[in-house]
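Below is input18.cif, holding mmCIF, C-alpha atoms and all ligand atoms.
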data_input
#
loop_
_atom_site.label_atom_id
_atom_site.label_comp_id
_atom_site.auth_asym_id
_atom_site.auth_seq_id
_atom_site.Cartn_x
_atom_site.Cartn_y
_atom_site.Cartn_z
CA MET A 1 13.43 -32.10 -6.12
CA PRO A 2 14.55 -33.07 -9.65
CA PHE A 3 12.74 -35.98 -11.31
CA GLY A 4 10.41 -36.33 -8.39
CA LEU A 5 11.64 -38.40 -5.49
CA SER A 6 14.23 -40.36 -7.46
CA MET A 7 16.01 -41.65 -4.32
CA VAL A 8 14.22 -44.91 -5.11
CA GLY A 9 17.12 -45.46 -7.57
CA PRO A 10 19.63 -46.68 -4.93
CA VAL A 11 16.98 -49.08 -3.55
CA ILE A 12 16.31 -50.66 -6.96
CA TYR A 13 20.06 -50.70 -7.67
CA THR A 14 20.79 -52.50 -4.39
CA PHE A 15 17.75 -54.72 -3.83
CA GLY A 16 16.02 -54.96 -7.26
CA THR A 17 15.92 -57.90 -9.66
CA PRO A 18 17.90 -57.64 -12.94
CA GLU A 19 14.56 -57.01 -14.73
CA GLN A 20 13.63 -54.20 -12.32
CA LYS A 21 17.05 -52.59 -12.75
CA ALA A 22 16.82 -52.76 -16.56
CA LYS A 23 13.29 -51.37 -16.59
CA PHE A 24 13.53 -48.55 -14.06
CA LEU A 25 17.10 -47.33 -13.57
CA PRO A 26 17.77 -45.83 -17.03
CA ARG A 27 14.52 -43.84 -16.90
CA ILE A 28 15.29 -42.62 -13.36
CA LEU A 29 18.73 -41.50 -14.50
CA SER A 30 17.40 -39.71 -17.59
CA GLY A 31 14.53 -38.13 -15.68
CA ASP A 32 11.93 -39.65 -18.03
CA ASP A 33 9.98 -41.03 -15.07
CA TRP A 34 8.83 -38.94 -12.13
CA TRP A 35 8.49 -40.74 -8.83
CA CYS A 36 6.56 -40.09 -5.64
CA GLN A 37 7.02 -41.58 -2.18
CA GLY A 38 4.10 -43.40 -0.56
CA TYR A 39 5.37 -43.87 3.00
CA SER A 40 3.40 -41.58 5.36
CA GLU A 41 -0.22 -42.18 6.28
CA PRO A 42 -2.67 -40.39 8.53
CA GLY A 43 -1.53 -41.88 11.86
CA ALA A 44 1.80 -43.20 10.54
CA GLY A 45 4.42 -40.45 10.22
CA SER A 46 7.21 -40.59 12.80
CA ASP A 47 5.83 -43.99 13.80
CA LEU A 48 6.08 -45.17 10.20
CA ALA A 49 6.05 -48.89 11.00
CA SER A 50 2.43 -48.58 12.17
CA LEU A 51 1.30 -48.04 8.55
CA ARG A 52 -1.98 -49.73 7.62
CA THR A 53 -2.27 -49.64 3.82
CA LYS A 54 -2.58 -53.33 3.06
CA ALA A 55 -1.64 -55.49 0.09
CA GLU A 56 -3.24 -58.91 -0.28
CA ARG A 57 -2.23 -61.53 -2.81
CA ASP A 58 -4.63 -62.41 -5.61
CA GLY A 59 -2.94 -64.74 -8.10
CA ASP A 60 0.07 -62.99 -9.61
CA HIS A 61 -1.02 -59.59 -8.26
CA TYR A 62 -1.29 -57.74 -4.97
CA VAL A 63 -4.54 -55.89 -4.32
CA VAL A 64 -3.71 -52.67 -2.44
CA ASN A 65 -6.16 -50.72 -0.26
CA GLY A 66 -5.50 -47.73 1.99
CA GLN A 67 -4.44 -44.10 2.12
CA LYS A 68 -1.14 -42.24 1.96
CA THR A 69 -0.64 -38.59 2.80
CA TRP A 70 1.83 -35.71 2.26
CA THR A 71 2.80 -37.39 -1.01
CA THR A 72 5.07 -34.82 -2.68
CA MET A 73 4.38 -34.16 -6.37
CA ALA A 74 2.11 -37.22 -6.70
CA GLN A 75 0.06 -35.15 -9.16
CA HIS A 76 2.99 -35.34 -11.63
CA ALA A 77 4.30 -38.80 -10.78
CA ASP A 78 4.49 -41.65 -13.31
CA TRP A 79 5.45 -44.14 -10.59
CA GLY A 80 5.32 -44.33 -6.83
CA PHE A 81 7.22 -46.46 -4.31
CA PHE A 82 4.88 -47.55 -1.58
CA LEU A 83 5.22 -49.24 1.79
CA VAL A 84 2.35 -51.66 2.33
CA ARG A 85 1.40 -54.17 5.00
CA THR A 86 1.55 -57.71 3.70
CA ASN A 87 1.43 -59.45 7.07
CA PRO A 88 -0.61 -58.04 9.98
CA ASP A 89 0.19 -60.95 12.32
CA VAL A 90 3.89 -60.31 13.04
CA LYS A 91 5.95 -57.52 14.65
CA GLN A 92 5.10 -54.30 12.76
CA GLN A 93 8.47 -53.93 10.99
CA GLU A 94 8.41 -57.55 9.84
CA GLY A 95 5.15 -57.43 7.88
CA ILE A 96 5.87 -54.58 5.43
CA SER A 97 6.66 -54.85 1.70
CA PHE A 98 8.06 -52.32 -0.79
CA LEU A 99 6.00 -51.99 -3.98
CA LEU A 100 6.55 -50.00 -7.17
CA ILE A 101 3.17 -48.81 -8.40
CA ASP A 102 2.30 -47.30 -11.77
CA MET A 103 0.38 -44.14 -10.81
CA LYS A 104 -1.98 -44.63 -13.78
CA THR A 105 -3.30 -47.91 -12.34
CA PRO A 106 -7.12 -47.85 -11.90
CA GLY A 107 -8.15 -47.24 -8.28
CA ILE A 108 -5.55 -44.53 -7.49
CA GLU A 109 -6.92 -41.10 -6.65
CA VAL A 110 -4.65 -38.12 -5.96
CA ARG A 111 -6.19 -35.22 -4.02
CA PRO A 112 -4.27 -31.95 -3.49
CA ILE A 113 -3.27 -30.49 -0.12
CA ILE A 114 -2.72 -26.73 -0.46
CA THR A 115 0.06 -25.49 1.82
CA LEU A 116 0.45 -22.29 3.86
CA GLY A 117 2.16 -20.52 0.94
CA GLY A 118 -0.77 -21.36 -1.36
CA GLU A 119 1.18 -24.01 -3.29
CA HIS A 120 0.13 -27.43 -4.55
CA GLU A 121 3.14 -29.53 -3.65
CA VAL A 122 1.73 -32.32 -1.48
CA ASN A 123 -1.23 -34.65 -1.83
CA GLU A 124 -3.36 -37.35 -0.32
CA VAL A 125 -3.28 -40.60 -2.30
CA PHE A 126 -6.16 -43.04 -2.00
CA LEU A 127 -5.75 -46.64 -3.14
CA ASP A 128 -8.93 -48.59 -3.79
CA ASN A 129 -8.42 -52.20 -4.96
CA VAL A 130 -5.27 -51.21 -6.88
CA ARG A 131 -3.85 -54.27 -8.66
CA VAL A 132 -0.04 -54.40 -8.63
CA PRO A 133 1.92 -57.22 -10.34
CA ILE A 134 3.95 -59.22 -7.81
CA GLU A 135 7.02 -58.64 -10.02
CA ASN A 136 6.81 -54.97 -8.90
CA ARG A 137 7.75 -55.88 -5.33
CA VAL A 138 11.34 -54.94 -4.49
CA TYR A 139 13.22 -57.45 -2.29
CA GLU A 140 11.43 -60.17 -0.34
CA GLU A 141 7.84 -60.08 0.83
CA ASP A 142 7.57 -58.72 4.40
CA LYS A 143 11.20 -57.47 4.23
CA GLY A 144 10.37 -54.01 2.85
CA TRP A 145 11.44 -52.32 6.09
CA THR A 146 15.06 -53.02 5.11
CA CYS A 147 14.51 -51.10 1.83
CA ALA A 148 12.57 -48.37 3.64
CA LYS A 149 15.43 -47.65 6.10
CA PHE A 150 18.06 -47.81 3.35
CA LEU A 151 16.08 -45.30 1.28
CA LEU A 152 15.55 -42.94 4.22
CA ALA A 153 19.31 -42.79 4.91
CA HIS A 154 19.86 -41.72 1.27
CA GLU A 155 16.92 -39.31 1.42
CA ARG A 156 18.31 -37.62 4.55
CA THR A 157 21.78 -37.37 3.01
CA GLY A 158 20.19 -35.65 -0.02
CA ILE A 159 18.12 -33.27 2.14
CA ALA A 160 21.43 -31.75 3.32
CA GLY A 161 21.12 -29.76 0.07
CA VAL A 162 24.59 -28.19 0.20
CA ALA A 163 24.60 -26.96 -3.42
CA GLY A 164 21.20 -25.26 -3.08
CA SER A 165 22.24 -23.54 0.15
CA LYS A 166 25.47 -22.30 -1.47
CA ARG A 167 23.36 -20.68 -4.20
CA GLY A 168 21.05 -19.23 -1.52
CA ILE A 169 23.92 -17.60 0.38
CA GLU A 170 25.46 -16.22 -2.82
CA LYS A 171 22.09 -14.68 -3.71
CA ILE A 172 21.79 -13.09 -0.25
CA LYS A 173 25.29 -11.61 -0.57
CA GLU A 174 24.44 -10.24 -4.02
CA ILE A 175 21.24 -8.66 -2.67
CA ALA A 176 22.95 -7.26 0.42
CA THR A 177 25.60 -5.64 -1.77
CA THR A 178 23.03 -3.61 -3.71
CA GLU A 179 20.33 -3.05 -1.06
CA MET A 180 21.08 -0.09 1.18
CA ASP A 181 20.95 0.14 4.95
CA GLY A 182 20.90 3.92 5.39
CA ASP A 183 23.68 5.19 3.17
CA LYS A 184 25.70 1.93 3.17
CA PRO A 185 25.15 -1.47 1.54
CA LEU A 186 23.32 -3.89 3.83
CA LEU A 187 26.32 -6.24 3.74
CA SER A 188 28.42 -3.69 5.59
CA ASN A 189 25.99 -3.77 8.52
CA PRO A 190 28.01 -5.77 11.11
CA PHE A 191 24.95 -7.62 12.49
CA PHE A 192 23.80 -8.74 9.04
CA ARG A 193 27.35 -9.52 7.94
CA ARG A 194 27.90 -11.69 11.01
CA LYS A 195 24.80 -13.77 10.23
CA VAL A 196 26.00 -14.32 6.65
CA ALA A 197 29.48 -15.32 7.90
CA GLU A 198 28.03 -17.77 10.46
CA LEU A 199 25.88 -19.35 7.76
CA GLU A 200 28.87 -19.73 5.45
CA MET A 201 30.93 -21.38 8.18
CA ASP A 202 28.16 -23.82 9.12
CA LEU A 203 27.57 -24.65 5.47
CA THR A 204 31.27 -25.32 4.88
CA ALA A 205 31.32 -27.68 7.87
CA LEU A 206 28.23 -29.42 6.48
CA GLU A 207 29.82 -29.72 3.05
CA TYR A 208 32.86 -31.52 4.47
CA THR A 209 30.69 -33.82 6.55
CA GLU A 210 28.67 -34.64 3.45
CA LEU A 211 31.85 -35.26 1.42
CA ARG A 212 33.06 -37.67 4.12
CA THR A 213 29.73 -39.51 3.90
CA LEU A 214 29.92 -39.67 0.10
CA ALA A 215 33.54 -40.92 0.27
CA GLY A 216 32.35 -43.64 2.67
CA GLU A 217 29.60 -44.59 0.25
CA ALA A 218 32.06 -44.73 -2.66
CA ALA A 219 34.10 -47.15 -0.53
CA GLY A 220 31.05 -49.37 -0.09
CA LYS A 221 29.92 -48.11 3.31
CA GLY A 222 26.35 -46.86 2.91
CA PRO A 223 25.16 -43.80 4.83
CA GLY A 224 24.21 -44.72 8.38
CA PRO A 225 23.06 -42.53 11.27
CA GLU A 226 25.33 -39.70 10.08
CA SER A 227 22.57 -39.03 7.53
CA SER A 228 20.49 -37.75 10.48
CA VAL A 229 23.23 -35.19 11.29
CA LEU A 230 23.27 -34.07 7.64
CA LYS A 231 19.49 -33.79 7.60
CA ILE A 232 19.30 -31.70 10.78
CA LYS A 233 22.11 -29.28 9.88
CA GLY A 234 21.11 -28.99 6.20
CA SER A 235 17.45 -28.27 6.94
CA GLU A 236 18.29 -25.72 9.64
CA ILE A 237 20.67 -23.89 7.29
CA GLN A 238 17.99 -23.83 4.56
CA GLN A 239 15.58 -22.23 7.03
CA ARG A 240 18.16 -19.67 8.20
CA ILE A 241 18.78 -18.65 4.57
CA THR A 242 15.08 -17.92 4.00
CA GLU A 243 14.99 -16.01 7.30
CA LEU A 244 17.94 -13.86 6.23
CA ALA A 245 16.40 -13.22 2.79
CA LEU A 246 13.19 -12.10 4.49
CA GLU A 247 15.20 -9.83 6.78
CA ALA A 248 16.95 -8.31 3.75
CA ALA A 249 13.60 -7.76 2.01
CA GLY A 250 12.16 -5.93 5.03
CA HIS A 251 8.65 -4.64 4.37
CA TYR A 252 8.94 -5.55 0.67
CA GLY A 253 8.73 -9.17 1.79
CA ALA A 254 5.23 -8.75 3.23
CA PRO A 255 3.19 -11.58 1.65
CA TYR A 256 1.35 -10.62 -1.49
CA PHE A 257 -1.64 -12.79 -2.22
CA ARG A 258 -2.48 -13.04 -5.89
CA GLY A 259 -6.13 -12.23 -6.43
CA PHE A 260 -6.35 -9.96 -3.39
CA GLY A 261 -7.50 -6.54 -4.57
CA GLU A 262 -7.84 -7.83 -8.13
CA GLY A 263 -9.24 -5.21 -10.46
CA ASP A 264 -7.81 -2.25 -8.55
CA ASN A 265 -4.37 -2.49 -10.13
CA GLU A 266 -2.65 -3.34 -6.86
CA HIS A 267 0.79 -4.78 -7.46
CA PRO A 268 3.52 -5.86 -5.09
CA ILE A 269 6.01 -3.11 -4.41
CA GLY A 270 9.78 -3.31 -4.20
CA PRO A 271 12.31 -5.33 -6.18
CA ASP A 272 11.29 -8.58 -7.91
CA TRP A 273 13.55 -10.79 -5.77
CA ALA A 274 11.73 -9.67 -2.62
CA HIS A 275 8.34 -11.05 -3.73
CA ARG A 276 9.46 -14.67 -3.29
CA THR A 277 10.98 -14.22 0.15
CA ALA A 278 7.81 -14.70 2.25
CA PRO A 279 6.48 -17.70 0.23
CA SER A 280 9.96 -19.29 0.42
CA TYR A 281 10.14 -18.63 4.14
CA PHE A 282 6.80 -20.38 4.65
CA ASN A 283 7.57 -23.22 2.24
CA VAL A 284 10.91 -24.10 3.78
CA ARG A 285 9.37 -24.66 7.26
CA LYS A 286 8.75 -28.15 5.84
CA THR A 287 12.40 -29.15 5.79
CA THR A 288 12.62 -29.82 9.51
CA ILE A 289 9.53 -32.06 9.22
CA TYR A 290 9.89 -34.14 6.04
CA GLY A 291 12.28 -37.05 5.66
CA GLY A 292 11.61 -37.73 9.35
CA SER A 293 11.28 -34.74 11.70
CA ASN A 294 14.44 -33.24 13.22
CA GLU A 295 13.24 -34.20 16.71
CA VAL A 296 13.13 -37.83 15.61
CA GLN A 297 16.59 -37.49 13.96
CA ARG A 298 17.97 -36.28 17.31
CA GLY A 299 16.52 -39.42 18.89
CA ILE A 300 18.28 -41.57 16.26
CA ILE A 301 21.62 -39.81 16.90
CA ALA A 302 21.21 -40.26 20.67
CA LYS A 303 20.57 -43.98 20.23
CA MET A 304 22.79 -44.96 17.28
CA VAL A 305 25.73 -42.55 17.62
CA LEU A 306 25.90 -41.57 21.29
CA GLY A 307 24.60 -44.91 22.56
CA LEU A 308 22.16 -43.30 24.99
C1 LIG B 1 6.09 -30.70 2.82
C2 LIG B 1 6.10 -32.15 3.22
C3 LIG B 1 6.36 -33.10 2.25
C4 LIG B 1 6.31 -34.46 2.57
N1 LIG B 1 6.48 -35.38 1.57
C5 LIG B 1 6.29 -36.70 1.85
C6 LIG B 1 6.31 -37.66 0.79
O1 LIG B 1 6.54 -37.33 -0.38
N2 LIG B 1 6.07 -38.95 1.10
C7 LIG B 1 5.84 -39.38 2.38
O2 LIG B 1 5.65 -40.56 2.59
N3 LIG B 1 5.80 -38.47 3.41
C8 LIG B 1 6.03 -37.15 3.17
N4 LIG B 1 5.98 -36.22 4.20
C9 LIG B 1 5.61 -36.68 5.54
C10 LIG B 1 6.73 -36.57 6.57
O3 LIG B 1 7.69 -37.57 6.41
C11 LIG B 1 6.06 -36.62 7.95
O4 LIG B 1 5.30 -35.43 8.06
C12 LIG B 1 7.04 -36.70 9.08
O5 LIG B 1 7.65 -37.96 9.10
C13 LIG B 1 6.38 -36.45 10.45
O6 LIG B 1 5.27 -37.26 10.60
P1 LIG B 1 3.85 -36.62 11.02
O7 LIG B 1 3.56 -35.47 10.10
O8 LIG B 1 2.84 -37.74 11.04
O9 LIG B 1 4.05 -36.04 12.45
P2 LIG B 1 3.98 -36.84 13.82
O10 LIG B 1 4.73 -38.12 13.69
O11 LIG B 1 2.56 -36.91 14.27
O12 LIG B 1 4.80 -35.89 14.77
C14 LIG B 1 4.22 -34.72 15.36
C15 LIG B 1 5.28 -34.02 16.21
O13 LIG B 1 5.73 -34.91 17.24
C16 LIG B 1 7.14 -35.06 17.20
N5 LIG B 1 7.51 -36.43 17.51
C17 LIG B 1 6.91 -37.57 17.08
N6 LIG B 1 7.55 -38.66 17.54
C18 LIG B 1 8.60 -38.21 18.30
C19 LIG B 1 9.65 -38.84 19.02
N7 LIG B 1 9.76 -40.18 19.08
N8 LIG B 1 10.56 -38.06 19.66
C20 LIG B 1 10.48 -36.70 19.61
N9 LIG B 1 9.49 -36.04 18.93
C21 LIG B 1 8.58 -36.78 18.28
C22 LIG B 1 7.54 -34.73 15.76
O14 LIG B 1 8.87 -34.26 15.68
C23 LIG B 1 6.53 -33.65 15.41
O15 LIG B 1 7.00 -32.40 15.86
C24 LIG B 1 6.05 -34.86 3.90
C25 LIG B 1 5.83 -33.88 4.89
C26 LIG B 1 5.85 -32.55 4.57
C27 LIG B 1 5.58 -31.53 5.63
#

Would you mind writing the file's structure down as structure tokens?
Ligand SMILES: Cc1cc2nc3c(=O)[nH]c(=O)nc-3n(C[C@H](O)[C@H](O)[C@H](O)COP(=O)(O)OP(=O)(O)OC[C@H]3O[C@@H](n4cnc5c(N)ncnc54)[C@H](O)[C@@H]3O)c2cc1C
Amino acid sequence: MPFGLSMVGPVIYTFGTPEQKAKFLPRILSGDDWWCQGYSEPGAGSDLASLRTKAERDGDHYVVNGQKTWTTMAQHADWGFFLVRTNPDVKQQEGISFLLIDMKTPGIEVRPIITLGGEHEVNEVFLDNVRVPIENRVYEEDKGWTCAKFLLAHERTGIAGVAGSKRGIEKIKEIATTEMDGDKPLLSNPFFRRKVAELEMDLTALEYTELRTLAGEAAGKGPGPESSVLKIKGSEIQQRITELALEAAGHYGAPYFRGFGEGDNEHPIGPDWAHRTAPSYFNVRKTTIYGGSNEVQRGIIAKMVLGL
């Protein structure tokens, strides 16, 4: 995601103080600052409100202790937006605050989690007596859940990823025009062609749904539960694209592990584009999990849209 997880911008724009807006927004817009998202914890994923990382006041600072996990690109982040518990004695959602933390603050340790595709994309973040100025809290103390939900609606709208999926489908069509299935281009295979056409239709429907959401936002109506629809459909389309690319690559897509057979001049075979298909396939399994799993999004739609 460009500039790290910069969806904190709308939160600062909507809930931040004039000083916070002046300090952070220009550098988010220019991409000078990279951001990471400190929401999830071991034991607090779908049930996010049960988070336990705590922030206690000490003069004009909070002292933060706890652990976050799955923190995307924290190894590159200049800043992180963190959900912390500031009041353990009230209903879970009512004791959470939203803090902006400089990732160079003493007491922060970022440890890598290596994913199935061998990539370093996510991390564990440990916070040990991390001192955060109170002026870095967005919105009121204990009211961070309002910011958290607002941010997640924007995050889910962004996960729809229409532009990226359009590029993905174009690439598949380009490949299927040159790759042969027997003596004909793969794209003339009716089964393959049908899958491409279905993807294009679903993506067009998603694009118009996203445009309706954006038009609503431009008219001052922030994204609501429709962001869950965008998230589900967008993430499923992204996964189908990687599945189709892997199908087009055939045996050339068999995973090639760098370092395996080193010294015996073994190289991956087949065209260059095919070497990324298996790692992409594995990597994109994440999209139905992050930003709130698709199962949980279906629950939100059932409750908020269908009234079940
Ligand atoms: C690649 C990747 C990047 C991520 N990046 C970040 C990040 O930058 N910052 C951050 O804070 N978090 C991040 N996450 C964490 C992500 O938001 C959580 O993984 C997600 O919310 C699910 O939580 P969990 O992993 O604890 O699973 P759990 O909540 O333990 O869920 C386990 C399973 O149970 C199902 N389930 C749980 N509750 C329900 C329910 N009520 N109804 C139906 N099914 C349910 C889930 O769908 C899932 O299949 C990332 C995750 C991944 C995989």

At a cut-off of 10 Å and counting all atoms listed in the file, what residues surround ligand LIG 1 (chain B)? Please answer as a VMD selection string. chain A and resid 4 to 5 35 to 48 68 to 74 80 to 83 113 115 121 to 124 152 283 to 300

Saved selection, atoms kept: C-alpha atoms, as a tab-separated table (two decimals), in the coordinates of the input:
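Okay, part_18.tsv is ready:
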chain	number	residue	atom	x	y	z
A	4	GLY	CA	10.41	-36.33	-8.39
A	5	LEU	CA	11.64	-38.40	-5.49
A	35	TRP	CA	8.49	-40.74	-8.83
A	36	CYS	CA	6.56	-40.09	-5.64
A	37	GLN	CA	7.02	-41.58	-2.18
A	38	GLY	CA	4.10	-43.40	-0.56
A	39	TYR	CA	5.37	-43.87	3.00
A	40	SER	CA	3.40	-41.58	5.36
A	41	GLU	CA	-0.22	-42.18	6.28
A	42	PRO	CA	-2.67	-40.39	8.53
A	43	GLY	CA	-1.53	-41.88	11.86
A	44	ALA	CA	1.80	-43.20	10.54
A	45	GLY	CA	4.42	-40.45	10.22
A	46	SER	CA	7.21	-40.59	12.80
A	47	ASP	CA	5.83	-43.99	13.80
A	48	LEU	CA	6.08	-45.17	10.20
A	68	LYS	CA	-1.14	-42.24	1.96
A	69	THR	CA	-0.64	-38.59	2.80
A	70	TRP	CA	1.83	-35.71	2.26
A	71	THR	CA	2.80	-37.39	-1.01
A	72	THR	CA	5.07	-34.82	-2.68
A	73	MET	CA	4.38	-34.16	-6.37
A	74	ALA	CA	2.11	-37.22	-6.70
A	80	GLY	CA	5.32	-44.33	-6.83
A	81	PHE	CA	7.22	-46.46	-4.31
A	82	PHE	CA	4.88	-47.55	-1.58
A	83	LEU	CA	5.22	-49.24	1.79
A	113	ILE	CA	-3.27	-30.49	-0.12
A	115	THR	CA	0.06	-25.49	1.82
A	121	GLU	CA	3.14	-29.53	-3.65
A	122	VAL	CA	1.73	-32.32	-1.48
A	123	ASN	CA	-1.23	-34.65	-1.83
A	124	GLU	CA	-3.36	-37.35	-0.32
A	152	LEU	CA	15.55	-42.94	4.22
A	283	ASN	CA	7.57	-23.22	2.24
A	284	VAL	CA	10.91	-24.10	3.78
A	285	ARG	CA	9.37	-24.66	7.26
A	286	LYS	CA	8.75	-28.15	5.84
A	287	THR	CA	12.40	-29.15	5.79
A	288	THR	CA	12.62	-29.82	9.51
A	289	ILE	CA	9.53	-32.06	9.22
A	290	TYR	CA	9.89	-34.14	6.04
A	291	GLY	CA	12.28	-37.05	5.66
A	292	GLY	CA	11.61	-37.73	9.35
A	293	SER	CA	11.28	-34.74	11.70
A	294	ASN	CA	14.44	-33.24	13.22
A	295	GLU	CA	13.24	-34.20	16.71
A	296	VAL	CA	13.13	-37.83	15.61
A	297	GLN	CA	16.59	-37.49	13.96
A	298	ARG	CA	17.97	-36.28	17.31
A	299	GLY	CA	16.52	-39.42	18.89
A	300	ILE	CA	18.28	-41.57	16.26

Pull the neighbourhood of (21.9, -15.1, 2.6) for me: all residues within 10 Å in file coordinates, counting all atoms listed in the file, as a PDB file with C-alpha atoms, in the frame of the given file.
ATOM      1  CA  SER A 165      22.240 -23.540   0.150  1.00  0.00           C
ATOM      2  CA  LYS A 166      25.470 -22.300  -1.470  1.00  0.00           C
ATOM      3  CA  ARG A 167      23.360 -20.680  -4.200  1.00  0.00           C
ATOM      4  CA  GLY A 168      21.050 -19.230  -1.520  1.00  0.00           C
ATOM      5  CA  ILE A 169      23.920 -17.600   0.380  1.00  0.00           C
ATOM      6  CA  GLU A 170      25.460 -16.220  -2.820  1.00  0.00           C
ATOM      7  CA  LYS A 171      22.090 -14.680  -3.710  1.00  0.00           C
ATOM      8  CA  ILE A 172      21.790 -13.090  -0.250  1.00  0.00           C
ATOM      9  CA  LYS A 173      25.290 -11.610  -0.570  1.00  0.00           C
ATOM     10  CA  GLU A 174      24.440 -10.240  -4.020  1.00  0.00           C
ATOM     11  CA  ILE A 175      21.240  -8.660  -2.670  1.00  0.00           C
ATOM     12  CA  ALA A 176      22.950  -7.260   0.420  1.00  0.00           C
ATOM     13  CA  LEU A 187      26.320  -6.240   3.740  1.00  0.00           C
ATOM     14  CA  PHE A 192      23.800  -8.740   9.040  1.00  0.00           C
ATOM     15  CA  ARG A 193      27.350  -9.520   7.940  1.00  0.00           C
ATOM     16  CA  LYS A 195      24.800 -13.770  10.230  1.00  0.00           C
ATOM     17  CA  VAL A 196      26.000 -14.320   6.650  1.00  0.00           C
ATOM     18  CA  ALA A 197      29.480 -15.320   7.900  1.00  0.00           C
ATOM     19  CA  LEU A 199      25.880 -19.350   7.760  1.00  0.00           C
ATOM     20  CA  GLU A 200      28.870 -19.730   5.450  1.00  0.00           C
ATOM     21  CA  GLN A 238      17.990 -23.830   4.560  1.00  0.00           C
ATOM     22  CA  ARG A 240      18.160 -19.670   8.200  1.00  0.00           C
ATOM     23  CA  ILE A 241      18.780 -18.650   4.570  1.00  0.00           C
ATOM     24  CA  THR A 242      15.080 -17.920   4.000  1.00  0.00           C
ATOM     25  CA  GLU A 243      14.990 -16.010   7.300  1.00  0.00           C
ATOM     26  CA  LEU A 244      17.940 -13.860   6.230  1.00  0.00           C
ATOM     27  CA  ALA A 245      16.400 -13.220   2.790  1.00  0.00           C
ATOM     28  CA  LEU A 246      13.190 -12.100   4.490  1.00  0.00           C
ATOM     29  CA  GLU A 247      15.200  -9.830   6.780  1.00  0.00           C
ATOM     30  CA  ALA A 248      16.950  -8.310   3.750  1.00  0.00           C
TER      31      ALA A 248
END

Measuring atom to atom with all atoms listed in the file, identify which of A:Ala153, A:Met180, A:Ala215, A:Leu186 is nearest to Leu230 in chain A. A:Ala153

If we count all atoms listed in the file, what is near Arg131 in chain A at a cut-off of 7 Å, once residues fewer than 4 positions away on the same chain are taken out, given as a PDB file with C-alpha atoms, in the frame of the given file?
ATOM      1  CA  HIS A  61      -1.020 -59.590  -8.260  1.00  0.00           C
ATOM      2  CA  TYR A  62      -1.290 -57.740  -4.970  1.00  0.00           C
ATOM      3  CA  VAL A  63      -4.540 -55.890  -4.320  1.00  0.00           C
ATOM      4  CA  VAL A  64      -3.710 -52.670  -2.440  1.00  0.00           C
TER       5      VAL A  64
END

Would you compute the distance between CA of Val229 in chain A and CA of Leu51 in chain A? Give it in Å to one decimal. 25.6 Å

For Leu206 in chain A: contacts at 8 Å, only C-alpha atoms, fewer than 4 positions along chain excluded, given as a ChimeraX atom specification: /A:160,162,202,210,230,233-234

Under the rule that all atoms listed in the file are counted, which of A:Leu29, A:Ala55, A:Ala163, A:Leu116 is the nearest residue to Asn129 in chain A? A:Ala55

Mind pulling up the distance from CA of Ala148 in chain A to CA of Gln20 in chain A? 17.0 Å

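Pairwise distance (CA of Gly16 in chain A, CA of Gly216 in chain A) equals 22.2 Å.
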
Residues near Phe15 in chain A, anyone? I mean within 8 Å using only C-alpha atoms, not counting same-chain ones fewer than 6 positions away, as a count of residues only. 3

When you count all atoms listed in the file, which of these residues is closest to Glu19 in chain A: A:Gly158, A:Lys91, A:Glu135, A:Arg85?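 Distance minimum relative to Glu19 in chain A lands on A:Glu135.
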
Rank nothing, just name the residue among A:Ser235, A:Trp34, A:Val125, A:Leu99 nearest to Gln67 in chain A, using all atoms listed in the file.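 Looking at the shortest contact to Gln67 in chain A, the residue is A:Val125.
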
I'd like the contact shell of Ala274 in chain A - 7 Å cut-off, only C-alpha atoms, skipping same-chain residues fewer than 2 positions apart - returned as a ChimeraX atom specification. /A:249,252-253,270-272,276-277

Residue nearest Ile96 in chain A - candidates A:Asp58, A:Asp142, A:Asn136, A:Asp128, atoms counted: only C-alpha atoms: A:Asp142

Of the candidates A:Glu109, A:Thr213, A:His154, A:Gln92, which shows the shortest atom-to-atom distance to Met7 in chain A, using all atoms listed in the file?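 Smallest distance to Met7 in chain A is found for A:His154.
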